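Source file: my_file.csv (CSV, C-alpha atoms)
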```csv
chain,number,residue,atom,x,y,z
Z,29,MET,CA,-12.7,14.3,-25.8
Z,30,ILE,CA,-12.8,10.6,-25.3
Z,31,GLY,CA,-15.4,9.6,-22.7
Z,32,LEU,CA,-13.6,7.1,-20.4
Z,33,ASP,CA,-13.9,8.0,-16.7
Z,34,THR,CA,-10.7,9.6,-15.4
Z,35,GLY,CA,-9.4,11.3,-12.3
Z,36,LEU,CA,-6.4,13.6,-11.9
Z,37,GLU,CA,-4.0,14.0,-9.0
Z,38,LEU,CA,-1.9,17.2,-8.8
Z,39,GLU,CA,0.8,17.7,-6.1
Z,40,LEU,CA,1.2,21.4,-5.1
Z,41,LEU,CA,2.3,23.7,-2.4
Z,42,ALA,CA,-0.1,26.3,-1.0
Z,43,PRO,CA,1.2,29.9,-1.0
Z,44,PRO,CA,3.6,30.7,1.8
Z,45,GLY,CA,1.6,31.3,5.0
Z,46,TRP,CA,-1.4,29.4,3.7
Z,47,THR,CA,-2.7,25.8,4.3
Z,48,ARG,CA,-4.5,23.5,1.9
Z,49,LEU,CA,-7.7,24.4,3.7
Z,50,GLU,CA,-7.3,28.0,2.9
Z,51,VAL,CA,-6.6,27.1,-0.8
Z,52,ALA,CA,-9.9,25.2,-0.8
Z,53,ALA,CA,-11.7,28.1,0.9
Z,54,ASP,CA,-10.3,30.6,-1.7
Z,55,VAL,CA,-11.5,28.4,-4.6
Z,56,GLY,CA,-14.9,27.9,-3.0
Z,57,VAL,CA,-15.4,31.7,-2.6
Z,58,ARG,CA,-14.4,32.4,-6.1
Z,59,LEU,CA,-16.5,29.7,-7.7
Z,60,GLY,CA,-19.5,30.1,-5.3
Z,61,LEU,CA,-19.2,26.4,-4.2
Z,62,ARG,CA,-19.4,25.0,-0.7
Z,63,VAL,CA,-16.3,23.7,1.1
Z,64,GLU,CA,-16.4,21.0,3.7
Z,65,SER,CA,-13.5,20.0,6.0
Z,66,PHE,CA,-12.7,16.4,7.0
Z,67,VAL,CA,-9.8,14.4,8.5
Z,68,THR,CA,-7.8,11.7,6.7
Z,69,MET,CA,-5.4,9.1,8.2
Z,70,SER,CA,-2.0,8.0,7.0
Z,71,LYS,CA,0.3,5.3,8.4
Z,72,VAL,CA,3.9,6.1,8.9
Z,73,PRO,CA,6.9,4.1,10.4
Z,74,VAL,CA,7.8,4.7,14.0
Z,75,PRO,CA,11.4,6.1,14.0
Z,76,LEU,CA,12.8,3.1,15.8
Z,77,ALA,CA,16.4,4.2,15.5
Z,78,ASP,CA,15.6,7.5,17.2
Z,79,LEU,CA,13.5,5.8,19.9
Z,80,GLY,CA,16.4,3.4,20.6
Z,81,ALA,CA,18.7,6.4,21.1
Z,82,LEU,CA,16.5,7.9,23.8
Z,83,ASP,CA,17.6,7.9,27.4
Z,84,PRO,CA,15.6,5.1,29.0
Z,85,LYS,CA,15.1,7.3,32.0
Z,86,ALA,CA,13.2,9.8,29.9
Z,87,GLY,CA,10.2,7.4,29.9
Z,88,ALA,CA,7.1,7.4,27.7
Z,89,ALA,CA,6.9,11.2,27.6
Z,90,ALA,CA,10.1,11.3,25.5
Z,91,ALA,CA,8.8,8.7,23.0
Z,92,THR,CA,5.5,10.6,22.8
Z,93,ALA,CA,7.3,13.8,22.1
Z,94,LEU,CA,9.3,12.1,19.3
Z,95,LEU,CA,6.2,10.9,17.6
Z,96,ALA,CA,4.6,14.4,18.0
Z,97,ASP,CA,7.7,15.9,16.3
Z,98,VAL,CA,7.2,13.6,13.3
Z,99,ALA,CA,3.5,14.7,13.2
Z,100,ARG,CA,4.5,18.3,13.2
Z,101,HIS,CA,6.8,17.8,10.3
Z,102,HIS,CA,3.7,16.6,8.3
Z,103,GLY,CA,1.4,19.3,9.7
Z,104,ALA,CA,-0.6,16.6,11.4
Z,105,ALA,CA,-1.6,15.2,14.8
Z,106,VAL,CA,-0.7,11.8,16.3
Z,107,HIS,CA,-3.8,9.6,16.2
Z,108,ALA,CA,-2.9,6.1,17.4
Z,109,LEU,CA,-0.2,3.5,17.4
Z,110,ALA,CA,-0.7,0.7,14.8
Z,111,GLU,CA,-1.3,-2.8,16.0
Z,112,ASP,CA,2.2,-3.9,14.7
Z,113,GLY,CA,3.9,-1.5,17.0
Z,114,ARG,CA,6.2,-0.4,14.2
Z,115,HIS,CA,3.9,2.2,12.6
Z,116,PHE,CA,1.5,4.9,13.9
Z,117,TYR,CA,-1.3,6.9,12.4
Z,118,LEU,CA,-1.3,10.6,11.6
Z,119,ALA,CA,-4.5,12.6,11.3
Z,120,HIS,CA,-4.4,15.2,8.5
Z,121,ARG,CA,-6.9,18.0,7.9
Z,122,GLY,CA,-8.4,18.0,4.4
Z,123,ALA,CA,-11.1,19.8,2.5
Z,124,ARG,CA,-13.8,19.0,-0.2
Z,125,LEU,CA,-15.0,21.4,-2.8
Z,126,MET,CA,-18.6,20.3,-3.3
Z,127,GLY,CA,-20.3,20.4,-6.7
Z,128,THR,CA,-23.9,21.5,-7.0
Z,129,ASP,CA,-24.9,17.9,-7.3
Z,130,GLY,CA,-23.8,17.3,-3.7
Z,131,LEU,CA,-20.8,15.3,-4.7
Z,132,PRO,CA,-17.1,16.4,-4.2
Z,133,LEU,CA,-15.6,18.1,-7.2
Z,134,LEU,CA,-12.1,18.4,-5.8
Z,135,LEU,CA,-10.4,17.0,-2.7
Z,136,PHE,CA,-7.5,18.9,-1.0
Z,137,VAL,CA,-5.4,16.3,1.0
Z,138,HIS,CA,-1.9,15.7,2.3
Z,139,ASP,CA,0.8,13.5,0.8
Z,140,ASN,CA,3.5,12.3,3.2
Z,141,SER,CA,6.1,12.0,0.4
Z,142,ILE,CA,6.2,15.8,0.1
Z,143,ASP,CA,7.7,18.2,2.7
Z,144,GLY,CA,5.8,21.3,3.6
Z,145,GLY,CA,3.4,20.5,6.4
Z,146,GLU,CA,-0.1,21.8,5.8
Z,147,ARG,CA,1.1,23.7,2.7
Z,148,VAL,CA,1.2,20.4,1.0
Z,149,THR,CA,-1.9,20.3,-1.3
Z,150,GLU,CA,-2.6,17.2,-3.3
Z,151,VAL,CA,-5.6,18.1,-5.5
Z,152,VAL,CA,-7.7,15.0,-6.4
Z,153,THR,CA,-10.5,15.3,-8.8
Z,154,ARG,CA,-13.8,13.5,-9.0
Z,155,PRO,CA,-14.0,10.9,-11.8
Z,156,PHE,CA,-15.2,12.5,-14.9
Z,157,ALA,CA,-15.8,11.4,-18.5
Z,158,GLY,CA,-15.8,14.6,-20.5
Z,159,LEU,CA,-16.0,18.3,-20.1
Z,160,GLU,CA,-19.4,18.5,-18.4
Z,161,PRO,CA,-20.7,21.8,-17.0
Z,162,VAL,CA,-21.1,22.3,-13.3
Z,163,ARG,CA,-24.2,24.5,-12.6
Z,164,LEU,CA,-24.0,27.0,-9.8
Z,165,ASP,CA,-26.7,29.0,-8.0
Z,166,PRO,CA,-25.5,32.6,-8.3
Z,167,ALA,CA,-27.9,33.6,-5.5
Z,168,THR,CA,-26.2,31.3,-3.0
Z,169,PRO,CA,-22.6,32.2,-2.7
Z,170,SER,CA,-20.2,30.2,-0.6
Z,171,ARG,CA,-20.4,30.9,3.1
Z,172,GLN,CA,-16.8,29.9,3.6
Z,173,PRO,CA,-14.6,32.8,4.9
Z,174,ALA,CA,-12.0,34.0,2.5
Z,175,PRO,CA,-8.4,33.4,3.7
Z,176,GLN,CA,-7.0,36.7,5.1
Z,177,ARG,CA,-3.3,35.8,4.7
Z,178,GLY,CA,-1.2,36.7,1.7
Z,179,GLY,CA,-3.0,39.5,0.0
Z,180,GLY,CA,-2.4,38.1,-3.5
Z,181,ALA,CA,-5.3,35.7,-3.8
Z,182,ALA,CA,-7.7,37.6,-1.5
Z,183,SER,CA,-7.3,40.9,-3.4
Z,184,ALA,CA,-7.6,39.1,-6.8
Z,185,ARG,CA,-11.0,37.8,-5.7
Z,186,SER,CA,-12.6,41.2,-5.4
Z,187,GLY,CA,-14.9,42.3,-8.2
Z,188,ARG,CA,-14.5,39.5,-10.6
Z,189,LYS,CA,-16.2,36.2,-11.4
Z,190,GLY,CA,-14.5,32.9,-10.5
Z,191,ALA,CA,-12.4,31.1,-13.1
Z,192,GLY,CA,-14.6,30.3,-16.1
Z,193,GLN,CA,-17.8,31.4,-14.4
Z,194,SER,CA,-20.4,33.0,-16.6
Z,195,ALA,CA,-23.0,35.7,-15.7
Z,196,HIS,CA,-25.5,32.9,-15.4
Z,197,GLY,CA,-23.6,31.1,-12.6
Z,198,GLN,CA,-22.1,28.3,-14.7
Z,199,ILE,CA,-18.4,27.2,-14.5
Z,200,GLY,CA,-17.8,27.4,-18.2
Z,201,PRO,CA,-18.3,24.2,-20.2
Z,202,ARG,CA,-15.5,22.3,-18.5
Z,203,GLY,CA,-16.5,21.6,-15.0
Z,204,VAL,CA,-13.5,19.9,-13.4
Z,205,PHE,CA,-10.9,21.7,-15.4
Z,206,ALA,CA,-12.4,25.1,-14.5
Z,207,ALA,CA,-12.1,24.1,-10.8
Z,208,ILE,CA,-8.4,23.1,-11.4
Z,209,GLU,CA,-7.8,26.4,-13.1
Z,210,ALA,CA,-9.1,28.2,-10.0
Z,211,VAL,CA,-6.5,26.4,-7.9
Z,212,VAL,CA,-3.4,26.8,-10.1
Z,213,SER,CA,-4.2,30.5,-10.8
Z,214,ILE,CA,-3.9,31.4,-7.1
Z,215,PRO,CA,-0.8,33.6,-6.8
Z,216,GLY,CA,1.9,31.8,-4.8
Z,217,VAL,CA,0.8,28.3,-5.5
Z,218,SER,CA,3.9,26.3,-6.5
Z,219,LEU,CA,5.3,22.9,-7.4
Z,220,PRO,CA,7.2,21.0,-4.7
Z,221,PRO,CA,10.4,19.2,-5.6
Z,222,ARG,CA,9.7,15.8,-7.2
Z,223,ALA,CA,6.0,16.6,-7.6
Z,224,ALA,CA,3.9,14.6,-9.9
Z,225,LEU,CA,0.8,14.8,-12.1
Z,226,HIS,CA,-1.1,11.5,-12.3
Z,227,VAL,CA,-4.0,10.4,-14.4
Z,228,HIS,CA,-6.3,7.5,-13.3
Z,229,VAL,CA,-8.3,5.9,-16.1
Z,230,ASP,CA,-11.2,3.5,-15.6
Z,231,GLY,CA,-9.6,0.1,-15.6
Z,232,ARG,CA,-12.6,-2.1,-15.6
Z,233,GLY,CA,-12.2,-2.8,-19.3
Z,234,PHE,CA,-8.7,-4.1,-18.7
Z,235,CYS,CA,-10.0,-6.9,-16.3
Z,236,ASP,CA,-9.4,-9.3,-19.1
Z,237,PRO,CA,-6.1,-10.9,-20.1
Z,238,THR,CA,-6.3,-10.0,-23.8
Z,239,ARG,CA,-7.0,-6.3,-23.3
Z,240,LEU,CA,-4.5,-6.0,-20.4
Z,241,ALA,CA,-1.8,-7.7,-22.5
Z,242,ARG,CA,-2.5,-5.2,-25.3
Z,243,LEU,CA,-2.3,-2.2,-23.0
Z,244,VAL,CA,1.1,-3.4,-21.5
Z,245,ALA,CA,2.5,-4.3,-25.0
Z,246,LEU,CA,1.5,-0.9,-26.4
Z,247,PHE,CA,2.8,1.0,-23.4
Z,248,SER,CA,6.1,-0.9,-23.4
Z,249,LEU,CA,6.6,-0.1,-27.1
Z,250,TRP,CA,5.7,3.6,-26.9
Z,251,GLU,CA,6.9,4.5,-23.3
Z,252,PRO,CA,10.1,6.4,-24.5
Z,253,VAL,CA,7.9,8.6,-26.8
Z,254,LEU,CA,5.4,9.2,-24.0
Z,255,ARG,CA,8.2,10.2,-21.6
Z,256,ARG,CA,9.4,12.7,-24.1
Z,257,TRP,CA,5.9,14.1,-24.9
Z,258,LEU,CA,4.9,14.4,-21.2
Z,259,ARG,CA,8.3,15.7,-20.1
Z,260,THR,CA,9.0,13.0,-17.5
Z,261,PRO,CA,11.5,14.4,-15.0
Z,262,SER,CA,14.7,12.3,-14.7
Z,263,ASP,CA,14.4,12.3,-10.9
Z,264,LEU,CA,10.8,11.1,-10.8
Z,265,LEU,CA,11.3,8.0,-8.7
Z,266,ALA,CA,7.7,6.7,-8.8
Z,267,ALA,CA,7.8,6.2,-12.6
Z,268,LYS,CA,9.9,3.1,-13.2
Z,269,ALA,CA,9.6,1.1,-16.4
Z,270,LEU,CA,7.4,-2.0,-16.2
Z,271,PRO,CA,9.3,-5.3,-15.8
Z,272,THR,CA,10.4,-6.6,-19.2
Z,273,GLU,CA,8.9,-10.0,-18.5
Z,274,LEU,CA,5.4,-8.7,-17.9
Z,275,ALA,CA,4.3,-8.2,-21.5
Z,276,PRO,CA,5.3,-11.7,-22.7
Z,277,ARG,CA,3.7,-13.3,-19.6
Z,278,LEU,CA,0.4,-11.5,-20.2
Z,279,HIS,CA,0.5,-12.4,-23.9
Z,280,GLN,CA,1.0,-16.1,-23.1
Z,281,LEU,CA,-2.0,-15.9,-20.7
Z,282,ALA,CA,-4.2,-14.2,-23.3
Z,283,VAL,CA,-3.3,-16.7,-26.0
Z,284,ALA,CA,-4.0,-19.6,-23.7
Z,285,GLY,CA,-7.4,-18.2,-22.8
Z,286,ALA,CA,-6.5,-17.9,-19.1
Z,287,PRO,CA,-9.0,-16.5,-16.6
Z,288,TRP,CA,-8.6,-13.0,-15.2
Z,289,SER,CA,-7.4,-14.4,-11.9
Z,290,ALA,CA,-4.3,-15.7,-13.7
Z,291,ALA,CA,-3.5,-12.3,-15.0
Z,292,GLN,CA,-4.0,-10.8,-11.5
Z,293,GLN,CA,-1.6,-13.4,-10.1
Z,294,ALA,CA,1.0,-12.4,-12.7
Z,295,LEU,CA,0.7,-8.7,-11.8
Z,296,ARG,CA,1.1,-9.6,-8.1
Z,297,GLU,CA,4.2,-11.6,-8.8
Z,298,LEU,CA,5.9,-9.2,-11.1
Z,299,LEU,CA,5.0,-5.7,-9.8
Z,300,ALA,CA,6.6,-4.7,-6.5
Z,301,GLY,CA,4.2,-1.8,-5.8
Z,302,ARG,CA,2.8,1.4,-7.2
Z,303,GLY,CA,6.0,2.9,-8.4
Z,304,HIS,CA,5.7,2.2,-12.2
Z,305,ALA,CA,5.1,4.7,-14.9
Z,306,LEU,CA,2.0,2.6,-15.8
Z,307,ASN,CA,0.7,1.7,-12.4
Z,308,LEU,CA,-1.4,-1.5,-12.5
Z,309,TYR,CA,-1.4,-2.1,-8.8
Z,310,ASN,CA,-5.2,-1.4,-8.4
Z,311,LEU,CA,-5.9,-4.1,-10.9
Z,312,ALA,CA,-3.7,-6.6,-9.1
Z,313,VAL,CA,-5.3,-6.1,-5.6
Z,314,ASP,CA,-8.8,-5.7,-7.1
Z,315,GLU,CA,-10.1,-3.3,-4.5
Z,316,PRO,CA,-13.8,-2.5,-5.1
Z,317,GLY,CA,-14.2,1.0,-6.5
Z,318,LYS,CA,-10.5,1.4,-7.3
Z,319,ARG,CA,-10.1,-0.5,-10.6
Z,320,THR,CA,-8.0,2.0,-12.4
Z,321,VAL,CA,-4.9,2.1,-14.4
Z,322,GLU,CA,-2.7,5.1,-13.5
Z,323,PHE,CA,-0.4,7.0,-15.9
Z,324,LYS,CA,2.4,8.5,-13.8
Z,325,LEU,CA,4.7,9.8,-16.5
Z,326,ALA,CA,3.8,13.5,-16.7
Z,327,ALA,CA,5.9,16.4,-15.4
Z,328,PRO,CA,4.1,18.5,-12.8
Z,329,SER,CA,2.7,21.7,-14.1
Z,330,LEU,CA,0.6,24.7,-13.3
Z,331,SER,CA,-0.4,25.1,-17.0
Z,332,LEU,CA,-4.0,24.2,-17.5
Z,333,PRO,CA,-3.5,23.4,-21.3
Z,334,PHE,CA,-0.7,21.0,-20.4
Z,335,ILE,CA,-2.8,19.3,-17.6
Z,336,GLU,CA,-5.7,18.9,-20.1
Z,337,ALA,CA,-3.3,17.5,-22.7
Z,338,VAL,CA,-1.9,14.9,-20.3
Z,339,ARG,CA,-5.4,13.7,-19.5
Z,340,GLN,CA,-6.2,13.4,-23.2
Z,341,VAL,CA,-3.0,11.4,-23.9
Z,342,ALA,CA,-3.7,9.0,-21.0
Z,343,VAL,CA,-7.3,8.4,-21.8
Z,344,GLY,CA,-6.5,8.2,-25.5
Z,345,PHE,CA,-3.9,5.6,-24.9
Z,346,ALA,CA,-6.3,3.5,-22.8
Z,347,ALA,CA,-9.0,3.8,-25.5
Z,348,LEU,CA,-6.4,2.6,-28.1
Z,349,ALA,CA,-5.6,-0.4,-26.1
Z,350,LEU,CA,-9.3,-1.2,-25.6
Z,351,ASP,CA,-9.9,-1.1,-29.3
Z,352,THR,CA,-9.3,-4.7,-30.0
Z,353,GLU,CA,-11.0,-4.4,-33.4
Z,354,ARG,CA,-8.2,-2.2,-34.7
Z,355,ASN,CA,-5.9,-4.6,-36.7
Z,356,ALA,CA,-3.6,-2.1,-38.3
Z,357,PRO,CA,-0.5,-1.4,-36.1
Z,358,VAL,CA,0.5,2.1,-35.1
Z,359,ASP,CA,3.8,2.6,-37.0
Z,360,ASP,CA,5.1,6.0,-36.1
Z,361,GLU,CA,4.8,8.9,-33.7
Z,362,ALA,CA,2.6,11.0,-36.0
Z,363,GLU,CA,0.1,8.1,-36.3
Z,364,LEU,CA,0.2,7.5,-32.5
Z,365,LEU,CA,-0.5,11.2,-31.8
Z,366,GLN,CA,-3.4,11.2,-34.3
Z,367,ALA,CA,-4.9,8.2,-32.6
Z,368,LEU,CA,-4.6,9.6,-29.2
Z,369,ASP,CA,-5.5,13.2,-30.0
Z,370,PRO,CA,-7.8,13.3,-33.1
Z,371,ASP,CA,-8.8,16.9,-32.7
Z,372,GLY,CA,-5.3,18.3,-32.1
Z,373,ALA,CA,-6.0,19.9,-28.7
Z,374,ALA,CA,-3.5,17.8,-26.7
Z,375,ARG,CA,-0.6,18.5,-29.1
Z,376,ARG,CA,-1.1,22.2,-28.6
Z,377,GLY,CA,-1.0,21.8,-24.8
Z,378,LEU,CA,2.1,19.7,-25.1
Z,379,GLY,CA,3.8,22.0,-27.5
Z,380,LEU,CA,3.9,19.4,-30.3
Z,381,ARG,CA,3.3,20.1,-34.0
```

Structure encoded using structure tokens:
Amino acid sequence: MIGLDTGLELELLAPPGWTRLEVAADVGVRLGLRVESFVTMSKVPVPLADLGALDPKAGAAAATALLADVARHHGAAVHALAEDGRHFYLAHRGARLMGTDGLPLLLFVHDNSIDGGERVTEVVTRPFAGLEPVRLDPATPSRQPAPQRGGGAASARSGRKGAGQSAHGQIGPRGVFAAIEAVVSIPGVSLPPRAALHVHVDGRGFCDPTRLARLVALFSLWEPVLRRWLRTPSDLLAAKALPTELAPRLHQLAVAGAPWSAAQQALRELLAGRGHALNLYNLAVDEPGKRTVEFKLAAPSLSLPFIEAVRQVAVGFAALALDTERNAPVDDEAELLQALDPDGAARRGLGLR
């Protein structure tokens, strides 16, 4: 597997009657890993139309109740009104599954674009480059209480090792994917409508007009094939095609030897936000620690082989774009698949021959 740092985002729903915290606790117990809770903030619009329809005699209490109702919809609590007066902050409960190196292995967080309150479980992985093992101490099981709701996952826990765990306390040879497998194998975990599977790939190598132009040109050429391979849902709103003028604009900058700042300016001018199948927004805004390119084409799935295959296609495509010494063009689908997946593992996960 190609060794570019990548991170995955999976949008799921916890089993009925469960919260994302209970999903995290269940995985922690089965894998013998510690789980920590924390709070995240999100910024949402104040429902101005609804506020305007309130009886003025109702006073501030009615407005407060309206905001609390929005918070309950998201399984959150009202935190504070934003400075602009048109937004307010919600506080969401989240959880971290901690690796034995003391760093988070998975995050379990909320996503306001999905309905379901605290059942909404966006699983975010730590950045990883390969299929590294995660060592456990079998003598120190998790002290997190197992969820008592929904007998499926709790009863399945008894008398068996965690997903991929060996008798020597090691989560297989695959680290992050073994932890993901422990999540998606919980009975009752499901996919919400319009869910997504996203792959972030280290974008530092694309902070150069030539390499970025190559990435955008290759993606624009092969996007229809990638959509077919990765089973892009027709109603996936956050996977728009890149603007047609972006590739030639970046090519012109690369040929002219323009600085990286000029390419960033082109991204800011031509990209309206994060809703493209190849999301380059993090390169445009240049936030420290977030220089990634994001592949947003893949259908959501609870199939671990498909999830692994999507990761391989994304990182393989990024590696192909970074390989500026490759002069021969990729002429057909078979050649592209071989370039992205030299050992054939991804094509099996995607159901391709």

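You can rank Z:Val106, Z:Leu225, Z:Leu243, Z:Leu134 by their closest distance to Val152 of chain Z using only C-alpha atoms, and at the top of that list sits Z:Leu134.
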
Exercise. Near His228 of chain Z, counting all atoms listed in the file, which residues have an atom at most 7 Å away, once you skip same-chain residues fewer than 5 positions from it, shown as a PyMOL selection string?
Worked result: chain Z and resi 34-36+320-323

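Closest approach to Leu295 of chain Z among Z:Leu311, Z:Ala93, Z:Ala266, Z:Leu133 is made by Z:Leu311 (distances from all atoms listed in the file).
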
Problem set entry | Among the residues Z:Phe247, Z:Phe156, Z:Phe205, Z:Phe116, the one that comes closest to His304 of chain Z [using all atoms listed in the file] | Z:Phe247

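Between atom CA of Asn307 of chain Z and atom CA of Pro287 of chain Z lies a distance of 21.0 Å.
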
For this session: Please identify all polymer residues within 8 Å of segment 135-143 of chain Z, counting all atoms listed in the file, omitting same-chain residues fewer than 2 positions from it, and present them as a PyMOL selection string.
Result: chain Z and resi 48-49+52+68+70+101-102+120-125+132-133+145-146+148-154+220-221+223

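Between atom CA of Ala284 of chain Z and atom CA of Asp230 of chain Z the separation is 25.5 Å.
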
Exercise. By how many Å are atom CA of Val211 of chain Z and atom CA of Leu32 of chain Z apart?
Worked result: 24.1 Å

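Checking Z:Arg255, Z:Thr47, Z:Glu209, Z:Gly231 one by one against Lys318 of chain Z, counting all atoms listed in the file, you find the shortest gap at Z:Gly231.
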
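Here the question is which of Z:Leu332, Z:Leu278, Z:Asp97, Z:Met126 gets nearest to Leu38 of chain Z using only C-alpha atoms, and that residue is Z:Leu332.
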
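When all atoms listed in the file are used to compute distances to Arg381 of chain Z, the closest of the residues Z:Ala53, Z:Leu246, Z:Ala367, Z:Ala362 turns out to be Z:Ala362.
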
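Counting only C-alpha atoms, segment 333-348 of chain Z has the following residues at most 6 Å away, ignoring those fewer than 3 positions along the same chain: Asp351, Leu368, Ala374, Gly377 and Leu378 of chain Z.
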
Problem set entry | Selection: 10 Å around Arg319 of chain Z, only C-alpha atoms, excl. self and same-chain fewer than 6 positions, as an MDAnalysis selection string | chainID Z and resid 228:235 308:313
